[in-house]
file data_29.txt (compact mmCIF, N, CA, C and O atoms)
# COMPACT_ATOMS: atom_id res chain seq x y z
N LYS V 28 91.36 101.13 128.77
CA LYS V 28 91.91 100.17 129.71
C LYS V 28 91.25 98.80 129.55
O LYS V 28 91.80 97.82 130.00
N ASP V 29 90.09 98.74 128.95
CA ASP V 29 89.41 97.47 128.79
C ASP V 29 90.18 96.49 127.92
O ASP V 29 90.07 95.28 128.09
N ILE V 30 90.95 97.01 126.96
CA ILE V 30 91.66 96.13 126.05
C ILE V 30 93.10 95.85 126.47
O ILE V 30 93.75 94.99 125.91
N ALA V 31 93.59 96.56 127.46
CA ALA V 31 94.99 96.41 127.87
C ALA V 31 95.40 94.96 128.11
O ALA V 31 96.47 94.54 127.67
N PRO V 32 94.57 94.13 128.77
CA PRO V 32 94.98 92.74 129.00
C PRO V 32 95.11 91.92 127.71
O PRO V 32 95.77 90.88 127.70
N LEU V 33 94.52 92.38 126.63
CA LEU V 33 94.55 91.63 125.36
C LEU V 33 95.74 92.00 124.48
O LEU V 33 96.04 91.28 123.52
N ILE V 34 96.40 93.09 124.77
CA ILE V 34 97.47 93.59 123.89
C ILE V 34 98.56 92.55 123.68
O ILE V 34 99.05 92.38 122.57
N GLY V 35 98.94 91.84 124.72
CA GLY V 35 100.00 90.85 124.60
C GLY V 35 99.68 89.70 123.66
O GLY V 35 100.57 88.99 123.20
N LYS V 36 98.43 89.52 123.34
CA LYS V 36 98.00 88.45 122.44
C LYS V 36 97.86 88.92 120.99
O LYS V 36 97.64 88.12 120.09
N ALA V 37 97.97 90.22 120.77
CA ALA V 37 97.73 90.79 119.44
C ALA V 37 99.01 90.83 118.60
O ALA V 37 100.08 91.11 119.11
N ALA V 38 98.85 90.56 117.31
CA ALA V 38 99.96 90.70 116.36
C ALA V 38 99.75 91.93 115.49
O ALA V 38 100.69 92.43 114.88
N HIS V 39 98.52 92.40 115.41
CA HIS V 39 98.17 93.54 114.57
C HIS V 39 96.97 94.23 115.20
O HIS V 39 96.04 93.56 115.64
N ILE V 40 96.99 95.55 115.23
CA ILE V 40 95.89 96.32 115.80
C ILE V 40 95.38 97.31 114.76
O ILE V 40 96.17 98.00 114.12
N GLN V 41 94.06 97.36 114.62
CA GLN V 41 93.42 98.35 113.76
C GLN V 41 92.70 99.32 114.67
O GLN V 41 92.05 98.92 115.63
N ILE V 42 92.81 100.60 114.37
CA ILE V 42 92.24 101.61 115.26
C ILE V 42 91.46 102.65 114.47
O ILE V 42 91.82 102.98 113.33
N ARG V 43 90.39 103.12 115.06
CA ARG V 43 89.60 104.25 114.55
C ARG V 43 88.85 104.81 115.75
O ARG V 43 88.69 104.13 116.76
N GLN V 44 88.39 106.01 115.64
CA GLN V 44 87.63 106.60 116.72
C GLN V 44 86.27 105.92 116.81
O GLN V 44 85.64 105.58 115.80
N ALA V 45 85.82 105.74 118.03
CA ALA V 45 84.54 105.10 118.30
C ALA V 45 83.99 105.66 119.60
O ALA V 45 84.66 106.43 120.29
N ALA V 46 82.78 105.27 119.92
CA ALA V 46 82.14 105.67 121.18
C ALA V 46 81.15 104.57 121.55
O ALA V 46 80.88 103.66 120.76
N LYS V 47 80.62 104.64 122.73
CA LYS V 47 79.67 103.62 123.19
C LYS V 47 78.55 103.46 122.18
O LYS V 47 77.93 104.45 121.76
N ASN V 48 78.32 102.22 121.77
CA ASN V 48 77.27 101.87 120.80
C ASN V 48 77.51 102.45 119.41
O ASN V 48 76.59 102.55 118.62
N ARG V 49 78.73 102.87 119.13
CA ARG V 49 79.10 103.42 117.82
C ARG V 49 80.37 102.73 117.34
O ARG V 49 81.43 102.89 117.94
N LEU V 50 80.26 101.99 116.26
CA LEU V 50 81.42 101.29 115.70
C LEU V 50 82.48 102.28 115.24
O LEU V 50 83.67 102.01 115.33
N GLN V 51 82.04 103.43 114.75
CA GLN V 51 82.98 104.49 114.39
C GLN V 51 82.29 105.83 114.49
O GLN V 51 81.08 105.93 114.34
N THR V 52 83.10 106.85 114.79
CA THR V 52 82.61 108.22 114.87
C THR V 52 83.68 109.12 114.24
O THR V 52 84.77 108.66 113.93
N SER V 53 83.36 110.38 114.14
CA SER V 53 84.38 111.33 113.70
C SER V 53 85.42 111.45 114.80
O SER V 53 85.17 111.11 115.96
N PHE V 54 86.58 111.94 114.46
CA PHE V 54 87.67 112.05 115.42
C PHE V 54 87.27 112.89 116.63
O PHE V 54 87.55 112.54 117.78
N GLU V 55 86.57 113.99 116.39
CA GLU V 55 86.22 114.90 117.47
C GLU V 55 85.21 114.30 118.46
O GLU V 55 85.20 114.65 119.64
N ILE V 56 84.38 113.41 118.00
CA ILE V 56 83.35 112.80 118.85
C ILE V 56 83.87 111.54 119.54
O ILE V 56 83.39 111.17 120.60
N GLY V 57 84.85 110.90 118.93
CA GLY V 57 85.36 109.63 119.45
C GLY V 57 85.88 109.72 120.87
O GLY V 57 86.27 110.78 121.35
N LYS V 58 85.90 108.59 121.54
CA LYS V 58 86.28 108.53 122.95
C LYS V 58 87.68 107.98 123.18
O LYS V 58 88.14 107.93 124.31
N LEU V 59 88.37 107.54 122.14
CA LEU V 59 89.71 106.99 122.33
C LEU V 59 90.72 108.10 122.58
O LEU V 59 90.80 109.06 121.83
N ASP V 60 91.49 107.93 123.61
CA ASP V 60 92.59 108.84 123.95
C ASP V 60 93.85 108.24 123.34
O ASP V 60 94.34 107.22 123.81
N MET V 61 94.35 108.86 122.27
CA MET V 61 95.48 108.28 121.54
C MET V 61 96.73 108.17 122.40
O MET V 61 97.51 107.23 122.26
N ARG V 62 96.93 109.12 123.28
CA ARG V 62 98.09 109.02 124.18
C ARG V 62 97.96 107.79 125.08
O ARG V 62 98.92 107.07 125.30
N GLU V 63 96.77 107.56 125.59
CA GLU V 63 96.54 106.39 126.44
C GLU V 63 96.75 105.10 125.65
O GLU V 63 97.32 104.12 126.17
N VAL V 64 96.31 105.09 124.41
CA VAL V 64 96.52 103.91 123.55
C VAL V 64 98.01 103.63 123.40
O VAL V 64 98.46 102.50 123.60
N ILE V 65 98.79 104.66 123.07
CA ILE V 65 100.23 104.48 122.90
C ILE V 65 100.89 104.07 124.22
O ILE V 65 101.77 103.20 124.24
N GLU V 66 100.47 104.66 125.32
CA GLU V 66 101.02 104.28 126.62
C GLU V 66 100.74 102.81 126.93
O GLU V 66 101.62 102.08 127.40
N ASP V 67 99.51 102.36 126.66
CA ASP V 67 99.16 100.96 126.91
C ASP V 67 99.97 100.02 126.03
O ASP V 67 100.46 98.98 126.50
N LEU V 68 100.11 100.37 124.75
CA LEU V 68 100.90 99.53 123.83
C LEU V 68 102.36 99.47 124.29
O LEU V 68 102.97 98.40 124.30
N ASN V 69 102.89 100.61 124.66
CA ASN V 69 104.28 100.68 125.12
C ASN V 69 104.47 99.87 126.40
O ASN V 69 105.43 99.10 126.53
N SER V 70 103.57 100.03 127.35
CA SER V 70 103.66 99.31 128.62
C SER V 70 103.59 97.80 128.43
O SER V 70 104.22 97.04 129.16
N ALA V 71 102.83 97.37 127.44
CA ALA V 71 102.69 95.93 127.16
C ALA V 71 103.84 95.39 126.33
O ALA V 71 103.90 94.19 126.06
N GLY V 72 104.75 96.27 125.89
CA GLY V 72 105.87 95.82 125.05
C GLY V 72 105.42 95.43 123.65
O GLY V 72 106.05 94.62 122.99
N TYR V 73 104.34 96.04 123.17
CA TYR V 73 103.79 95.71 121.86
C TYR V 73 104.71 96.18 120.75
O TYR V 73 105.13 97.34 120.73
N HIS V 74 105.02 95.29 119.81
CA HIS V 74 105.87 95.63 118.66
C HIS V 74 105.22 95.23 117.33
O HIS V 74 105.90 95.20 116.31
N GLY V 75 103.94 94.91 117.36
CA GLY V 75 103.25 94.50 116.14
C GLY V 75 102.80 95.68 115.31
O GLY V 75 103.14 96.83 115.58
N GLY V 76 102.01 95.38 114.30
CA GLY V 76 101.50 96.40 113.40
C GLY V 76 100.37 97.21 114.01
O GLY V 76 99.63 96.72 114.86
N LEU V 77 100.26 98.44 113.58
CA LEU V 77 99.18 99.33 114.00
C LEU V 77 98.70 100.07 112.77
O LEU V 77 99.49 100.74 112.10
N SER V 78 97.43 99.93 112.45
CA SER V 78 96.92 100.63 111.28
C SER V 78 95.65 101.40 111.64
O SER V 78 94.92 101.03 112.56
N VAL V 79 95.42 102.47 110.92
CA VAL V 79 94.21 103.27 111.07
C VAL V 79 93.24 102.78 110.01
O VAL V 79 93.60 102.71 108.84
N GLU V 80 92.04 102.44 110.44
CA GLU V 80 91.08 101.90 109.48
C GLU V 80 89.68 102.43 109.75
O GLU V 80 89.08 102.10 110.77
N TYR V 81 89.20 103.27 108.87
CA TYR V 81 87.82 103.74 108.93
C TYR V 81 87.03 103.01 107.86
O TYR V 81 87.57 102.61 106.83
N LEU V 82 85.74 102.85 108.10
CA LEU V 82 84.88 102.13 107.19
C LEU V 82 84.04 103.09 106.37
O LEU V 82 83.58 104.11 106.88
N SER V 83 83.83 102.75 105.12
CA SER V 83 83.01 103.60 104.25
C SER V 83 81.57 103.10 104.24
O SER V 83 80.95 102.94 103.21
N ILE V 84 81.06 102.81 105.42
CA ILE V 84 79.67 102.40 105.58
C ILE V 84 78.99 103.41 106.48
O ILE V 84 79.64 104.18 107.18
N SER V 85 77.70 103.40 106.46
CA SER V 85 76.98 104.28 107.39
C SER V 85 75.84 103.52 108.03
O SER V 85 75.20 102.69 107.40
N ARG V 86 75.65 103.79 109.27
CA ARG V 86 74.52 103.29 110.06
C ARG V 86 74.56 101.78 110.33
O ARG V 86 73.71 101.28 111.02
N GLU V 87 75.50 101.05 109.79
CA GLU V 87 75.60 99.63 110.13
C GLU V 87 76.37 99.51 111.43
O GLU V 87 77.40 100.14 111.62
N TYR V 88 75.86 98.73 112.34
CA TYR V 88 76.52 98.50 113.63
C TYR V 88 76.79 99.80 114.37
O TYR V 88 77.77 99.91 115.08
N GLY V 89 75.94 100.78 114.17
CA GLY V 89 76.12 102.05 114.87
C GLY V 89 77.21 102.93 114.29
O GLY V 89 77.61 103.90 114.91
N ALA V 90 77.72 102.59 113.11
CA ALA V 90 78.78 103.39 112.50
C ALA V 90 78.21 104.72 112.00
O ALA V 90 77.12 104.78 111.46
N VAL V 91 78.97 105.76 112.20
CA VAL V 91 78.62 107.08 111.70
C VAL V 91 79.37 107.30 110.39
O VAL V 91 80.57 107.03 110.32
N ALA V 92 78.69 107.75 109.37
CA ALA V 92 79.34 108.02 108.09
C ALA V 92 80.34 109.16 108.27
O ALA V 92 80.02 110.19 108.86
N VAL V 93 81.57 108.94 107.82
CA VAL V 93 82.63 109.95 107.95
C VAL V 93 83.40 110.03 106.63
O VAL V 93 83.31 109.14 105.80
N ASP V 94 84.16 111.09 106.48
CA ASP V 94 85.09 111.21 105.37
C ASP V 94 86.30 110.35 105.74
O ASP V 94 87.08 110.70 106.62
N VAL V 95 86.42 109.21 105.11
CA VAL V 95 87.43 108.21 105.49
C VAL V 95 88.85 108.78 105.42
O VAL V 95 89.65 108.56 106.33
N ILE V 96 89.17 109.51 104.38
CA ILE V 96 90.51 110.08 104.24
C ILE V 96 90.79 111.10 105.34
O ILE V 96 91.82 111.05 106.02
N GLU V 97 89.87 112.01 105.54
CA GLU V 97 90.05 113.07 106.54
C GLU V 97 90.21 112.47 107.95
O GLU V 97 91.10 112.87 108.71
N GLU V 98 89.37 111.51 108.29
CA GLU V 98 89.44 110.91 109.63
C GLU V 98 90.69 110.07 109.81
O GLU V 98 91.29 110.04 110.89
N THR V 99 91.12 109.41 108.75
CA THR V 99 92.36 108.64 108.81
C THR V 99 93.55 109.55 109.09
O THR V 99 94.41 109.24 109.93
N VAL V 100 93.61 110.67 108.40
CA VAL V 100 94.71 111.62 108.59
C VAL V 100 94.69 112.18 110.01
O VAL V 100 95.73 112.26 110.67
N LYS V 101 93.52 112.56 110.51
CA LYS V 101 93.43 113.09 111.88
C LYS V 101 93.91 112.05 112.90
O LYS V 101 94.65 112.39 113.84
N THR V 102 93.48 110.82 112.72
CA THR V 102 93.86 109.76 113.66
C THR V 102 95.34 109.45 113.55
O THR V 102 96.03 109.31 114.56
N ARG V 103 95.85 109.38 112.33
CA ARG V 103 97.29 109.14 112.13
C ARG V 103 98.12 110.22 112.81
O ARG V 103 99.07 109.92 113.54
N ASP V 104 97.73 111.47 112.60
CA ASP V 104 98.48 112.57 113.20
C ASP V 104 98.42 112.53 114.73
O ASP V 104 99.42 112.78 115.40
N ALA V 105 97.25 112.21 115.28
CA ALA V 105 97.12 112.11 116.74
C ALA V 105 97.98 110.98 117.29
O ALA V 105 98.61 111.12 118.34
N LEU V 106 98.02 109.86 116.59
CA LEU V 106 98.87 108.74 117.02
C LEU V 106 100.35 109.11 116.95
O LEU V 106 101.12 108.79 117.86
N ARG V 107 100.75 109.79 115.89
CA ARG V 107 102.15 110.23 115.76
C ARG V 107 102.53 111.17 116.90
O ARG V 107 103.59 111.03 117.52
N ASN V 108 101.67 112.13 117.17
CA ASN V 108 101.95 113.09 118.25
C ASN V 108 102.00 112.39 119.60
O ASN V 108 102.87 112.70 120.43
N ALA V 109 101.10 111.46 119.82
CA ALA V 109 101.09 110.72 121.08
C ALA V 109 102.35 109.87 121.22
O ALA V 109 102.97 109.82 122.28
N ARG V 110 102.76 109.24 120.13
CA ARG V 110 103.97 108.42 120.15
C ARG V 110 105.20 109.27 120.48
O ARG V 110 106.04 108.89 121.30
N ARG V 111 105.29 110.43 119.86
CA ARG V 111 106.43 111.33 120.13
C ARG V 111 106.44 111.75 121.60
O ARG V 111 107.50 111.80 122.23
N ALA V 112 105.27 112.06 122.14
CA ALA V 112 105.18 112.51 123.53
C ALA V 112 105.52 111.38 124.50
O ALA V 112 106.29 111.57 125.44
N VAL V 113 104.95 110.21 124.26
CA VAL V 113 105.15 109.08 125.18
C VAL V 113 106.58 108.57 125.13
O VAL V 113 107.19 108.26 126.16
N LEU V 114 107.13 108.48 123.93
CA LEU V 114 108.48 107.92 123.77
C LEU V 114 109.56 108.99 123.79
O LEU V 114 110.74 108.69 123.60
N HIS V 115 109.16 110.25 123.98
CA HIS V 115 110.09 111.38 124.04
C HIS V 115 110.97 111.47 122.79
O HIS V 115 112.18 111.62 122.88
N LEU V 116 110.32 111.40 121.63
CA LEU V 116 111.04 111.46 120.35
C LEU V 116 111.12 112.89 119.85
O LEU V 116 110.32 113.70 120.10
call {"tool": "encode", "arguments": {"input": "data_29.txt", "output": "structure tokens"}}
result
Amino acid sequence: KDIAPLIGKAAHIQIRQAAKNRLQTSFEIGKLDMREVIEDLNSAGYHGGLSVEYLSISREYGAVAVDVIEETVKTRDALRNARRAVLHL
């Protein structure tokens, strides 16, 4: 909900799982609720780009080293499922 007021100003959104003081985490540890993300984007009338982006760095800015491909697929699938549920597709 912290970012909801900013959605209307965005043309492109990059997403990955994260947690307090962690730039990125594994999907299972992350705190982002993908359904809530899709609901917020939908409520704001967002029609811009959305990409999944994990970093291949470790320990910088609190980032946890992850398998970038595996985490990208998990996040993509969660976003797809959330989109289908929210938009009743």
call {"tool": "closest_residue", "arguments": {"input": "data_29.txt", "among": "V:His115, V:Ala31, V:Ala90, V:His39", "to": "Leu77 (chain V)", "atoms": "all atoms listed in the file"}}
result
V:His39
call {"tool": "select_by_dssp", "arguments": {"input": "data_29.txt", "residues": "chain V", "states": "helix (DSSP H, G or I)", "output": "number ranges by chain"}}
result
V: 31-36, 61-70, 87-89, 95-114
call {"tool": "select_by_dssp", "arguments": {"input": "data_29.txt", "residues": "region 32-64 of chain V", "states": "strand (DSSP E or B)", "output": "list of chain:residue names"}}
result
V:His39, V:Ile40, V:Gln41, V:Ile42, V:Ala46, V:Arg49
call {"tool": "axis_aligned_box", "arguments": {"input": "data_29.txt", "around": "region 64-73 of chain V", "padding_each_side": "4 Å", "output": "JSON"}}
result
{"center_x": 101.2, "center_y": 99.6, "center_z": 124.9, "size_x": 17.7, "size_y": 18.9, "size_z": 16.4}
call {"tool": "residues_around", "arguments": {"input": "data_29.txt", "residues": "Tyr73 (chain V)", "least_positions_apart": "6", "cutoff": "7 Å", "atoms": "all atoms listed in the file", "output": "PDB file with N, CA, C and O atoms, in the frame of the given file"}}
result
ATOM      1  N   ILE V  34      96.400  93.090 124.770  1.00  0.00           N
ATOM      2  CA  ILE V  34      97.470  93.590 123.890  1.00  0.00           C
ATOM      3  C   ILE V  34      98.560  92.550 123.680  1.00  0.00           C
ATOM      4  O   ILE V  34      99.050  92.380 122.570  1.00  0.00           O
ATOM      5  N   GLY V  35      98.940  91.840 124.720  1.00  0.00           N
ATOM      6  CA  GLY V  35     100.000  90.850 124.600  1.00  0.00           C
ATOM      7  C   GLY V  35      99.680  89.700 123.660  1.00  0.00           C
ATOM      8  O   GLY V  35     100.570  88.990 123.200  1.00  0.00           O
ATOM      9  N   ALA V  37      97.970  90.220 120.770  1.00  0.00           N
ATOM     10  CA  ALA V  37      97.730  90.790 119.440  1.00  0.00           C
ATOM     11  C   ALA V  37      99.010  90.830 118.600  1.00  0.00           C
ATOM     12  O   ALA V  37     100.080  91.110 119.110  1.00  0.00           O
ATOM     13  N   ASP V  67      99.510 102.360 126.660  1.00  0.00           N
ATOM     14  CA  ASP V  67      99.160 100.960 126.910  1.00  0.00           C
ATOM     15  C   ASP V  67      99.970 100.020 126.030  1.00  0.00           C
ATOM     16  O   ASP V  67     100.460  98.980 126.500  1.00  0.00           O
TER      17      ASP V  67
END
call {"tool": "residues_around", "arguments": {"input": "data_29.txt", "residues": "Leu82 (chain V)", "least_positions_apart": "3", "cutoff": "10 Å", "atoms": "only C-alpha atoms", "output": "JSON, numbers by chain"}}
result
{"V": [43, 50, 51, 85, 90, 91, 92, 93, 94, 95]}
call {"tool": "atom_distance", "arguments": {"input": "data_29.txt", "atom1": "CA of Asp29 (chain V)", "atom2": "atom C of Gly89 (chain V)"}}
result
19.7 Å
call {"tool": "residues_around", "arguments": {"input": "data_29.txt", "residues": "Ala46 (chain V)", "least_positions_apart": "3", "cutoff": "6 Å", "atoms": "all atoms listed in the file", "output": "PyMOL selection string"}}
result
chain V and resi 49-52+56-58
call {"tool": "residues_around", "arguments": {"input": "data_29.txt", "residues": "region 98-103 of chain V", "least_positions_apart": "6", "cutoff": "7 Å", "atoms": "only C-alpha atoms", "output": "list in words"}}
result
Ser53, Phe54, Val79, Glu80 and Tyr81 of chain V
call {"tool": "decode", "arguments": {"input": "data_29.txt", "residues": "region 40-56 of chain V", "atoms": "N, CA, C and O atoms", "output": "JSON list (two decimals), in the first residue's frame"}}
result
[["chain", "number", "residue", "atom", "x", "y", "z"],
["V", 40, "ILE", "N", 7.04, -0.56, -14.39],
["V", 40, "ILE", "CA", 7.28, -1.06, -13.04],
["V", 40, "ILE", "C", 8.13, -2.31, -13.13],
["V", 40, "ILE", "O", 7.85, -3.21, -13.93],
["V", 41, "GLN", "N", 9.16, -2.37, -12.29],
["V", 41, "GLN", "CA", 9.98, -3.56, -12.16],
["V", 41, "GLN", "C", 9.68, -4.17, -10.79],
["V", 41, "GLN", "O", 9.59, -3.45, -9.80],
["V", 42, "ILE", "N", 9.54, -5.47, -10.75],
["V", 42, "ILE", "CA", 9.14, -6.12, -9.50],
["V", 42, "ILE", "C", 10.01, -7.33, -9.21],
["V", 42, "ILE", "O", 10.45, -8.03, -10.13],
["V", 43, "ARG", "N", 10.27, -7.55, -7.95],
["V", 43, "ARG", "CA", 10.95, -8.75, -7.45],
["V", 43, "ARG", "C", 10.56, -8.86, -5.98],
["V", 43, "ARG", "O", 10.14, -7.89, -5.36],
["V", 44, "GLN", "N", 10.71, -10.02, -5.42],
["V", 44, "GLN", "CA", 10.41, -10.20, -4.01],
["V", 44, "GLN", "C", 11.46, -9.48, -3.17],
["V", 44, "GLN", "O", 12.65, -9.48, -3.50],
["V", 45, "ALA", "N", 11.00, -8.90, -2.10],
["V", 45, "ALA", "CA", 11.87, -8.16, -1.19],
["V", 45, "ALA", "C", 11.27, -8.24, 0.21],
["V", 45, "ALA", "O", 10.17, -8.76, 0.40],
["V", 46, "ALA", "N", 12.00, -7.73, 1.17],
["V", 46, "ALA", "CA", 11.53, -7.68, 2.56],
["V", 46, "ALA", "C", 12.22, -6.48, 3.22],
["V", 46, "ALA", "O", 13.13, -5.88, 2.65],
["V", 47, "LYS", "N", 11.79, -6.14, 4.40],
["V", 47, "LYS", "CA", 12.37, -5.00, 5.11],
["V", 47, "LYS", "C", 13.88, -5.15, 5.18],
["V", 47, "LYS", "O", 14.40, -6.20, 5.59],
["V", 48, "ASN", "N", 14.58, -4.10, 4.75],
["V", 48, "ASN", "CA", 16.05, -4.06, 4.75],
["V", 48, "ASN", "C", 16.68, -5.07, 3.81],
["V", 48, "ASN", "O", 17.85, -5.39, 3.94],
["V", 49, "ARG", "N", 15.91, -5.60, 2.87],
["V", 49, "ARG", "CA", 16.42, -6.56, 1.88],
["V", 49, "ARG", "C", 15.98, -6.11, 0.49],
["V", 49, "ARG", "O", 14.79, -6.10, 0.19],
["V", 50, "LEU", "N", 16.93, -5.76, -0.34],
["V", 50, "LEU", "CA", 16.63, -5.32, -1.70],
["V", 50, "LEU", "C", 15.97, -6.44, -2.50],
["V", 50, "LEU", "O", 15.12, -6.20, -3.34],
["V", 51, "GLN", "N", 16.37, -7.67, -2.23],
["V", 51, "GLN", "CA", 15.72, -8.83, -2.85],
["V", 51, "GLN", "C", 15.87, -10.03, -1.96],
["V", 51, "GLN", "O", 16.81, -10.14, -1.19],
["V", 52, "THR", "N", 14.87, -10.92, -2.07],
["V", 52, "THR", "CA", 14.88, -12.17, -1.32],
["V", 52, "THR", "C", 14.36, -13.26, -2.25],
["V", 52, "THR", "O", 13.88, -12.97, -3.35],
["V", 53, "SER", "N", 14.39, -14.48, -1.78],
["V", 53, "SER", "CA", 13.76, -15.55, -2.54],
["V", 53, "SER", "C", 12.25, -15.33, -2.51],
["V", 53, "SER", "O", 11.73, -14.62, -1.64],
["V", 54, "PHE", "N", 11.55, -15.94, -3.42],
["V", 54, "PHE", "CA", 10.10, -15.77, -3.52],
["V", 54, "PHE", "C", 9.41, -16.15, -2.21],
["V", 54, "PHE", "O", 8.51, -15.46, -1.74],
["V", 55, "GLU", "N", 9.84, -17.24, -1.61],
["V", 55, "GLU", "CA", 9.17, -17.74, -0.40],
["V", 55, "GLU", "C", 9.36, -16.82, 0.80],
["V", 55, "GLU", "O", 8.51, -16.76, 1.69],
["V", 56, "ILE", "N", 10.45, -16.10, 0.85],
["V", 56, "ILE", "CA", 10.74, -15.22, 1.98],
["V", 56, "ILE", "C", 10.17, -13.81, 1.76],
["V", 56, "ILE", "O", 9.88, -13.10, 2.70]]
